[in-house]
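Novice: Have a look at the structure that comes next, please.
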Amino acid sequence: MSAQQPSGRTADRPPPSPFAGLGKKFDASLARGLGHLTRRALGPHQTAVVRIGFAFTWLFYLVREFPHRHELYGPDSPWGFDLAEQMISSSGAFTVLLWSDGRLWFELVYLTAMLASLGLLLGWHTRAVSVLFMLGVLSLQNRSIFMGDGGDNVIKLMAIYLVLLRCGQVWSLDARRRARRGAGPDTDRTGVVLWAAAGLALAVTTGGGLLGGWVWQLCLWGLWFVFGAWWVVERHWPREPRLVCDVVANLVHNMGLLIVMAQVCLIYATAGWYKIQGTRWQDGTAVYYPMNLDYFTPFPELSQALTGNGALVMIMTYGTVFIQVAFPFALLNRKVKNVLLAVMIAEHVGIAVLMGLPFFSLAMIAMDIVFLPTAFLLWLGYRARRATAPLSRLTGRRPRADDESDGRSDGRSDDAAAGSAPGPLVAAPRAGTVTGTGDTPAAGGVAGRPPTVPAPAPESAPGADRAGATDRPAAGA
């Protein structure tokens, strides 16, 4: 009988290694993570509302400033054509308004920017319109860089990010067209015409040396070739090549969504930490001063009533700093994140009303929406359709149950992309559909709504942010 160790094991048999099986666990976790990033575009409802929010903000701004467009960005601007040329030549920024100083060209660019905003708002040919929206935003804002209230910088950044996002998966005319087309081939003639017109415009501007440096030429021509290749693959190779294209597109979308979320955190974190260094923010009086400037007091009586209370001024000052600094850390807890989001949105509404900065507030609220839970967005979408149902009846359009299939091919909640836990699987994908792409089904797909699998009971759901595969909220929502 061999000697026994205190642990009860024989002396010649070592205990099992604590690292045993870690390689297999790591491989399994890595495979799950890669599958989560590539099999579907995360946050379809969040990105759709971000698209709608920024398109509405920019369109609202262009419409409101339409009587003053010549003084802001046109030939009558104090920031003259020569000054704009000098600035662009040193910074390398992009604007088509410097191609000509004529009024007709300016009117055409301004009108195109408005139409692009409307198209992006409705989700009409989102891929092409998102590029046109970006060019319109950059062209107008880079023409007169001192016009804006801070929200213009946010809109400019998001206009670039929206090109990377598959933001037309749900709540768009593109999603409705895909639902009606079902499993049939893509016969979108309008998209082909847009692609051909864009190629002709790129050829003319490149040949005339109007695009400037090679960076913009590479970006715009690259997007043009990608859009054309996507249509060819979707039309003629709907199986393995389409699957590869979907994987790449989902990966780009998810990385773009991560960039948007990081941008929001960066904006709030830097704003909060810079405020901490200011003496007025340290003594709790910083909010008092801008609310007593004539330029930032559209309602003087209301501003004076608020700033006349010293305790309220101190609460607003310290509360602003605390919320901005704490927000990136609040993403670690879903409930705290949702509470801070509600407070931040209320704060931006207050800034719009009290300081007369509606477009800055709209831009920031549109960025904050990327963190809202999917269940709440689905509830809003359901309520919006209920509110517009009488209008649909008046126009003679019969609401269909599958009009808002949301372009989804799996029913899992996308709260993981918005700082929340993933939701339960409540819908099976269509037969032959490329899982999670939210785009055209592969060959052999079955048209119509996907078969619904009963969702788990509310008490079994591990998270409050979970949502089903249909936009109708659960009873009592």
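Note on naming: chains are A, B, ... as they come in the structure tokens, residues start from 1 per chain, ligands start from 1 in the order shown.
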Applying 12 Å and only C-alpha atoms, which residues near Ala311 in chain A remain after dropping the ones on its own chain fewer than 4 positions away? List them as a PyMOL selection string.

Specialist: chain A and resi 283-285+287-288+306-307+315-319

Novice: Would you give me, as a PyMOL selection string, the residues in range 134-369 of chain A that DSSP reads as helix (DSSP H, G or I)?

Specialist: chain A and resi 134-143+151-164+173-181+189-207+214-236+240-276+279-282+286-288+290-292+294-296+300-307+310-330+334-354+358-369

Novice: Can you pull out the residues contacting Leu173 in chain A? Cut-off 7 Å, using only C-alpha atoms, and skip same-chain residues under 4 positions away; I want them as a list in words.

Specialist: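 In the requested format, the answer is Leu122, Gly123, Trp124 and Arg177 of chain A.
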
Novice: Those residues with N, CA, C and O atoms, as an mmCIF file, in the first residue's frame please?

Specialist:
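For reference, out-v7.cif as written:
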```
data_model
loop_
_atom_site.group_PDB
_atom_site.id
_atom_site.type_symbol
_atom_site.label_atom_id
_atom_site.label_comp_id
_atom_site.auth_asym_id
_atom_site.auth_seq_id
_atom_site.Cartn_x
_atom_site.Cartn_y
_atom_site.Cartn_z
ATOM 1 N N LEU A 122 -36.675 58.181 -44.637
ATOM 2 C CA LEU A 122 -37.640 57.151 -45.026
ATOM 3 C C LEU A 122 -36.990 55.796 -45.263
ATOM 4 O O LEU A 122 -37.704 54.799 -45.394
ATOM 5 N N GLY A 123 -35.664 55.749 -45.344
ATOM 6 C CA GLY A 123 -34.992 54.488 -45.626
ATOM 7 C C GLY A 123 -35.175 54.047 -47.061
ATOM 8 O O GLY A 123 -35.326 52.852 -47.330
ATOM 9 N N TRP A 124 -35.109 54.975 -47.996
ATOM 10 C CA TRP A 124 -35.276 54.684 -49.417
ATOM 11 C C TRP A 124 -33.889 54.504 -50.039
ATOM 12 O O TRP A 124 -33.109 55.439 -50.090
ATOM 13 N N ARG A 177 -39.917 46.884 -48.961
ATOM 14 C CA ARG A 177 -39.771 46.342 -50.317
ATOM 15 C C ARG A 177 -39.254 44.911 -50.280
ATOM 16 O O ARG A 177 -39.711 44.047 -51.043
#
```

Novice: Give me, as a PyMOL selection string, all polymer residues having an atom no more than 8 Å from Val109 in chain A, counting only C-alpha atoms and skipping those fewer than 6 positions away in the same chain.

Specialist: chain A and resi 96-97+136

Novice: Given only C-alpha atoms as the basis, pick out the residue of A:His348, A:Asp76, A:Gly310, A:Arg334 nearest to Gly102 in chain A.

Specialist: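 Under the stated criterion, the closest residue is A:Asp76.
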
Novice: Any idea what's packed within 10 Å of Gly148 in chain A, counting only C-alpha atoms, ignoring anything in its chain fewer than 3 positions away? Could you give it as a PDB file with all heavy atoms, in the first residue's frame?

Specialist:
```pdb
ATOM      1  N   LEU A  72     -25.885  81.833 -44.861  1.00  0.00           N
ATOM      2  CA  LEU A  72     -25.177  80.828 -44.066  1.00  0.00           C
ATOM      3  C   LEU A  72     -24.108  80.108 -44.883  1.00  0.00           C
ATOM      4  O   LEU A  72     -22.948  80.008 -44.456  1.00  0.00           O
ATOM      5  CB  LEU A  72     -26.183  79.809 -43.514  1.00  0.00           C
ATOM      6  CG  LEU A  72     -27.142  80.316 -42.445  1.00  0.00           C
ATOM      7  CD1 LEU A  72     -28.140  79.230 -42.073  1.00  0.00           C
ATOM      8  CD2 LEU A  72     -26.389  80.782 -41.213  1.00  0.00           C
ATOM      9  N   GLN A 141     -21.390  72.066 -44.366  1.00  0.00           N
ATOM     10  CA  GLN A 141     -20.708  72.462 -43.140  1.00  0.00           C
ATOM     11  C   GLN A 141     -19.260  72.875 -43.386  1.00  0.00           C
ATOM     12  O   GLN A 141     -18.752  73.766 -42.704  1.00  0.00           O
ATOM     13  CB  GLN A 141     -20.779  71.326 -42.124  1.00  0.00           C
ATOM     14  CG  GLN A 141     -22.182  71.078 -41.611  1.00  0.00           C
ATOM     15  CD  GLN A 141     -22.217  70.151 -40.418  1.00  0.00           C
ATOM     16  OE1 GLN A 141     -21.190  69.656 -39.983  1.00  0.00           O
ATOM     17  NE2 GLN A 141     -23.395  69.908 -39.889  1.00  0.00           N
ATOM     18  N   SER A 144     -18.887  76.721 -44.686  1.00  0.00           N
ATOM     19  CA  SER A 144     -18.845  77.768 -43.659  1.00  0.00           C
ATOM     20  C   SER A 144     -18.683  77.075 -42.311  1.00  0.00           C
ATOM     21  O   SER A 144     -19.669  76.676 -41.679  1.00  0.00           O
ATOM     22  CB  SER A 144     -20.120  78.612 -43.692  1.00  0.00           C
ATOM     23  OG  SER A 144     -20.283  79.261 -44.937  1.00  0.00           O
ATOM     24  N   ILE A 145     -17.448  76.944 -41.889  1.00  0.00           N
ATOM     25  CA  ILE A 145     -17.144  76.091 -40.737  1.00  0.00           C
ATOM     26  C   ILE A 145     -17.565  76.719 -39.418  1.00  0.00           C
ATOM     27  O   ILE A 145     -17.643  76.016 -38.407  1.00  0.00           O
ATOM     28  CB  ILE A 145     -15.641  75.766 -40.701  1.00  0.00           C
ATOM     29  CG1 ILE A 145     -14.831  77.066 -40.582  1.00  0.00           C
ATOM     30  CG2 ILE A 145     -15.225  74.974 -41.924  1.00  0.00           C
ATOM     31  CD1 ILE A 145     -13.361  76.840 -40.398  1.00  0.00           C
ATOM     32  N   GLY A 151     -23.791  70.903 -32.357  1.00  0.00           N
ATOM     33  CA  GLY A 151     -24.445  69.738 -32.917  1.00  0.00           C
ATOM     34  C   GLY A 151     -24.010  69.443 -34.335  1.00  0.00           C
ATOM     35  O   GLY A 151     -24.124  68.308 -34.805  1.00  0.00           O
ATOM     36  N   ASP A 152     -23.483  70.471 -35.030  1.00  0.00           N
ATOM     37  CA  ASP A 152     -23.020  70.249 -36.403  1.00  0.00           C
ATOM     38  C   ASP A 152     -21.845  69.278 -36.441  1.00  0.00           C
ATOM     39  O   ASP A 152     -21.727  68.480 -37.382  1.00  0.00           O
ATOM     40  CB  ASP A 152     -22.637  71.578 -37.057  1.00  0.00           C
ATOM     41  CG  ASP A 152     -21.623  72.355 -36.216  1.00  0.00           C
ATOM     42  OD1 ASP A 152     -21.729  72.323 -34.975  1.00  0.00           O
ATOM     43  OD2 ASP A 152     -20.725  72.986 -36.795  1.00  0.00           O
ATOM     44  N   ASN A 153     -20.978  69.322 -35.446  1.00  0.00           N
ATOM     45  CA  ASN A 153     -19.855  68.378 -35.407  1.00  0.00           C
ATOM     46  C   ASN A 153     -20.345  66.942 -35.199  1.00  0.00           C
ATOM     47  O   ASN A 153     -19.816  66.003 -35.796  1.00  0.00           O
ATOM     48  CB  ASN A 153     -18.883  68.762 -34.294  1.00  0.00           C
ATOM     49  CG  ASN A 153     -18.188  70.080 -34.563  1.00  0.00           C
ATOM     50  OD1 ASN A 153     -17.870  70.393 -35.706  1.00  0.00           O
ATOM     51  ND2 ASN A 153     -17.962  70.861 -33.531  1.00  0.00           N
ATOM     52  N   LEU A 357     -31.199  75.820 -28.048  1.00  0.00           N
ATOM     53  CA  LEU A 357     -30.282  75.045 -28.887  1.00  0.00           C
ATOM     54  C   LEU A 357     -30.974  73.739 -29.310  1.00  0.00           C
ATOM     55  O   LEU A 357     -30.583  72.644 -28.893  1.00  0.00           O
ATOM     56  CB  LEU A 357     -28.989  74.734 -28.132  1.00  0.00           C
ATOM     57  CG  LEU A 357     -28.156  75.935 -27.687  1.00  0.00           C
ATOM     58  CD1 LEU A 357     -27.001  75.503 -26.815  1.00  0.00           C
ATOM     59  CD2 LEU A 357     -27.658  76.708 -28.904  1.00  0.00           C
ATOM     60  N   PHE A 359     -31.183  72.066 -32.223  1.00  0.00           N
ATOM     61  CA  PHE A 359     -30.506  71.132 -33.115  1.00  0.00           C
ATOM     62  C   PHE A 359     -29.344  70.427 -32.415  1.00  0.00           C
ATOM     63  O   PHE A 359     -29.070  69.255 -32.688  1.00  0.00           O
ATOM     64  CB  PHE A 359     -30.027  71.867 -34.373  1.00  0.00           C
ATOM     65  CG  PHE A 359     -31.156  72.473 -35.144  1.00  0.00           C
ATOM     66  CD1 PHE A 359     -31.366  73.841 -35.141  1.00  0.00           C
ATOM     67  CD2 PHE A 359     -32.041  71.678 -35.843  1.00  0.00           C
ATOM     68  CE1 PHE A 359     -32.418  74.403 -35.835  1.00  0.00           C
ATOM     69  CE2 PHE A 359     -33.100  72.224 -36.546  1.00  0.00           C
ATOM     70  CZ  PHE A 359     -33.292  73.589 -36.540  1.00  0.00           C
ATOM     71  N   PHE A 360     -28.676  71.124 -31.538  1.00  0.00           N
ATOM     72  CA  PHE A 360     -27.661  70.461 -30.720  1.00  0.00           C
ATOM     73  C   PHE A 360     -28.298  69.371 -29.867  1.00  0.00           C
ATOM     74  O   PHE A 360     -27.794  68.244 -29.781  1.00  0.00           O
ATOM     75  CB  PHE A 360     -26.950  71.482 -29.835  1.00  0.00           C
ATOM     76  CG  PHE A 360     -26.098  70.880 -28.766  1.00  0.00           C
ATOM     77  CD1 PHE A 360     -24.845  70.368 -29.069  1.00  0.00           C
ATOM     78  CD2 PHE A 360     -26.543  70.803 -27.451  1.00  0.00           C
ATOM     79  CE1 PHE A 360     -24.054  69.791 -28.079  1.00  0.00           C
ATOM     80  CE2 PHE A 360     -25.770  70.236 -26.467  1.00  0.00           C
ATOM     81  CZ  PHE A 360     -24.521  69.731 -26.784  1.00  0.00           C
TER      82      PHE A 360
END
```

Novice: Which residues are close to Arg166 in chain A, i.e. within 10 Å by only C-alpha atoms, leaving aside same-chain residues fewer than 6 positions away? Reply as a compact mmCIF listing (two decimals) with all heavy atoms, in the first residue's frame.

Specialist:
```txt
# COMPACT_ATOMS: atom_id res chain seq x y z
N ALA A 41 -26.30 41.45 -38.26
CA ALA A 41 -26.00 42.84 -37.96
C ALA A 41 -26.69 43.21 -36.66
O ALA A 41 -27.92 43.17 -36.56
CB ALA A 41 -26.47 43.75 -39.09
N LEU A 42 -25.92 43.55 -35.66
CA LEU A 42 -26.47 43.81 -34.34
C LEU A 42 -27.18 45.17 -34.30
O LEU A 42 -26.89 46.06 -35.09
CB LEU A 42 -25.35 43.79 -33.29
CG LEU A 42 -24.56 42.48 -33.17
CD1 LEU A 42 -23.41 42.65 -32.20
CD2 LEU A 42 -25.47 41.35 -32.73
N GLY A 43 -28.09 45.28 -33.34
CA GLY A 43 -28.76 46.55 -33.10
C GLY A 43 -29.52 47.10 -34.28
O GLY A 43 -29.36 48.30 -34.59
N PRO A 44 -30.35 46.32 -35.00
CA PRO A 44 -31.04 46.88 -36.17
C PRO A 44 -31.99 48.01 -35.81
O PRO A 44 -32.10 49.00 -36.55
CB PRO A 44 -31.79 45.67 -36.75
CG PRO A 44 -31.94 44.72 -35.61
CD PRO A 44 -30.74 44.91 -34.75
N THR A 47 -29.85 51.25 -34.72
CA THR A 47 -29.27 51.96 -35.86
C THR A 47 -30.35 52.58 -36.74
O THR A 47 -30.12 53.65 -37.33
CB THR A 47 -28.41 50.99 -36.69
OG1 THR A 47 -29.18 49.83 -37.04
CG2 THR A 47 -27.18 50.56 -35.91
N ALA A 48 -31.51 51.95 -36.82
CA ALA A 48 -32.60 52.54 -37.60
C ALA A 48 -33.07 53.85 -36.98
O ALA A 48 -33.30 54.84 -37.69
CB ALA A 48 -33.76 51.55 -37.71
N ARG A 51 -30.51 56.51 -37.54
CA ARG A 51 -30.65 57.01 -38.91
C ARG A 51 -31.80 58.00 -39.03
O ARG A 51 -31.64 59.10 -39.58
CB ARG A 51 -30.92 55.82 -39.84
CG ARG A 51 -31.07 56.17 -41.30
CD ARG A 51 -31.82 55.10 -42.06
NE ARG A 51 -33.26 55.25 -41.94
CZ ARG A 51 -34.11 54.29 -41.66
NH1 ARG A 51 -33.67 53.06 -41.41
NH2 ARG A 51 -35.40 54.52 -41.59
N THR A 126 -31.19 52.93 -48.90
CA THR A 126 -30.41 53.49 -47.81
C THR A 126 -28.92 53.51 -48.10
O THR A 126 -28.22 54.45 -47.72
CB THR A 126 -30.67 52.67 -46.52
OG1 THR A 126 -32.08 52.50 -46.36
CG2 THR A 126 -30.11 53.37 -45.32
N ARG A 127 -28.41 52.48 -48.77
CA ARG A 127 -26.96 52.44 -49.03
C ARG A 127 -26.53 53.65 -49.85
O ARG A 127 -25.57 54.35 -49.49
CB ARG A 127 -26.61 51.15 -49.77
CG ARG A 127 -26.76 49.88 -48.96
CD ARG A 127 -26.08 48.73 -49.68
NE ARG A 127 -26.39 47.45 -49.05
CZ ARG A 127 -27.24 46.55 -49.55
NH1 ARG A 127 -27.88 46.81 -50.67
NH2 ARG A 127 -27.45 45.41 -48.93
N ALA A 249 -20.25 42.26 -44.53
CA ALA A 249 -21.10 43.42 -44.26
C ALA A 249 -21.52 43.48 -42.79
O ALA A 249 -21.54 44.56 -42.19
CB ALA A 249 -22.32 43.38 -45.16
N ASN A 250 -21.85 42.33 -42.21
CA ASN A 250 -22.21 42.31 -40.80
C ASN A 250 -21.04 42.72 -39.92
O ASN A 250 -21.22 43.43 -38.92
CB ASN A 250 -22.68 40.91 -40.40
CG ASN A 250 -24.02 40.56 -41.02
OD1 ASN A 250 -24.80 41.44 -41.38
ND2 ASN A 250 -24.29 39.27 -41.16
N VAL A 252 -18.53 44.72 -40.76
CA VAL A 252 -18.34 46.16 -40.91
C VAL A 252 -19.41 46.92 -40.13
O VAL A 252 -19.12 47.91 -39.44
CB VAL A 252 -18.36 46.56 -42.40
CG1 VAL A 252 -18.35 48.08 -42.56
CG2 VAL A 252 -17.16 45.95 -43.13
N HIS A 253 -20.64 46.46 -40.23
CA HIS A 253 -21.74 47.11 -39.49
C HIS A 253 -21.48 47.06 -37.98
O HIS A 253 -21.64 48.08 -37.29
CB HIS A 253 -23.05 46.41 -39.82
CG HIS A 253 -24.18 46.76 -38.90
ND1 HIS A 253 -25.06 47.79 -39.15
CD2 HIS A 253 -24.56 46.23 -37.70
CE1 HIS A 253 -25.93 47.88 -38.16
NE2 HIS A 253 -25.66 46.94 -37.27
N ASN A 254 -21.11 45.90 -37.47
CA ASN A 254 -20.93 45.76 -36.03
C ASN A 254 -19.74 46.58 -35.54
O ASN A 254 -19.79 47.16 -34.44
CB ASN A 254 -20.74 44.29 -35.67
CG ASN A 254 -22.00 43.48 -35.95
OD1 ASN A 254 -23.11 44.00 -35.91
ND2 ASN A 254 -21.82 42.20 -36.26
N GLY A 256 -18.78 49.36 -37.01
CA GLY A 256 -19.27 50.73 -37.06
C GLY A 256 -20.16 51.06 -35.88
O GLY A 256 -20.10 52.17 -35.32
N LEU A 257 -20.99 50.10 -35.48
CA LEU A 257 -21.85 50.32 -34.30
C LEU A 257 -21.01 50.49 -33.04
O LEU A 257 -21.31 51.34 -32.18
CB LEU A 257 -22.80 49.15 -34.15
CG LEU A 257 -23.80 49.20 -33.00
CD1 LEU A 257 -24.70 50.42 -33.11
CD2 LEU A 257 -24.63 47.93 -32.95
N THR A 437 -28.90 38.47 -41.57
CA THR A 437 -28.43 39.56 -42.41
C THR A 437 -29.41 40.68 -42.49
O THR A 437 -29.04 41.82 -42.71
CB THR A 437 -28.17 39.05 -43.84
OG1 THR A 437 -29.41 38.58 -44.37
CG2 THR A 437 -27.16 37.93 -43.85
N GLY A 438 -30.71 40.37 -42.39
CA GLY A 438 -31.70 41.42 -42.55
C GLY A 438 -31.84 41.88 -43.96
O GLY A 438 -32.43 42.92 -44.24
N ASP A 439 -31.32 41.14 -44.93
CA ASP A 439 -31.39 41.53 -46.32
C ASP A 439 -32.13 40.48 -47.10
O ASP A 439 -32.88 39.68 -46.58
CB ASP A 439 -29.97 41.74 -46.90
CG ASP A 439 -29.63 43.21 -46.95
OD1 ASP A 439 -30.54 44.01 -47.24
OD2 ASP A 439 -28.47 43.55 -46.71
```

Novice: Just the number, please: distance in Å from CA of Val50 in chain A to CA of Asp368 in chain A, one decimal.

Specialist: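 These atoms are spaced 8.5 Å apart.
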
Novice: Check the smallest atom-to-atom distance from each of A:Gln217, A:Asn142, A:Thr112, A:Gln324 to Ala269 in chain A using only C-alpha atoms, then report the winner.

Specialist: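 Of all the options, A:Gln324 lies closest to Ala269 in chain A.
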
Novice: Show me, as a list of chain:residue names, the residues that have an atom within 8 Å of Leu372 in chain A when counting only C-alpha atoms, minus same-chain residues fewer than 3 positions from it.

Specialist: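 Listing them by chain and then by number gives A:Gln46, A:Asn338, A:Leu341, A:Asp368, A:Ile369, A:Phe376, A:Leu377, A:Ala418.
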
Novice: So, with only C-alpha atoms as the atoms that count, which of A:Ser361, A:Thr95, A:Asn333, A:Ala366 lies closest to Gly212 in chain A?

Specialist: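 The answer is A:Thr95, which sits nearest to Gly212 in chain A.
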
Novice: Which one of A:Leu302, A:Ala271, A:Val325, A:Met147 sits closest to Gly350 in chain A if you count only C-alpha atoms?

Specialist: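 The shortest atom-to-atom distance to Gly350 in chain A comes from A:Leu302.
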
Novice: Measure the distance from CA of Gly74 in chain A to CA of Arg103 in chain A in Å and round it to one decimal.

Specialist: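 Rounded to one decimal, the two atoms are 7.4 Å apart.
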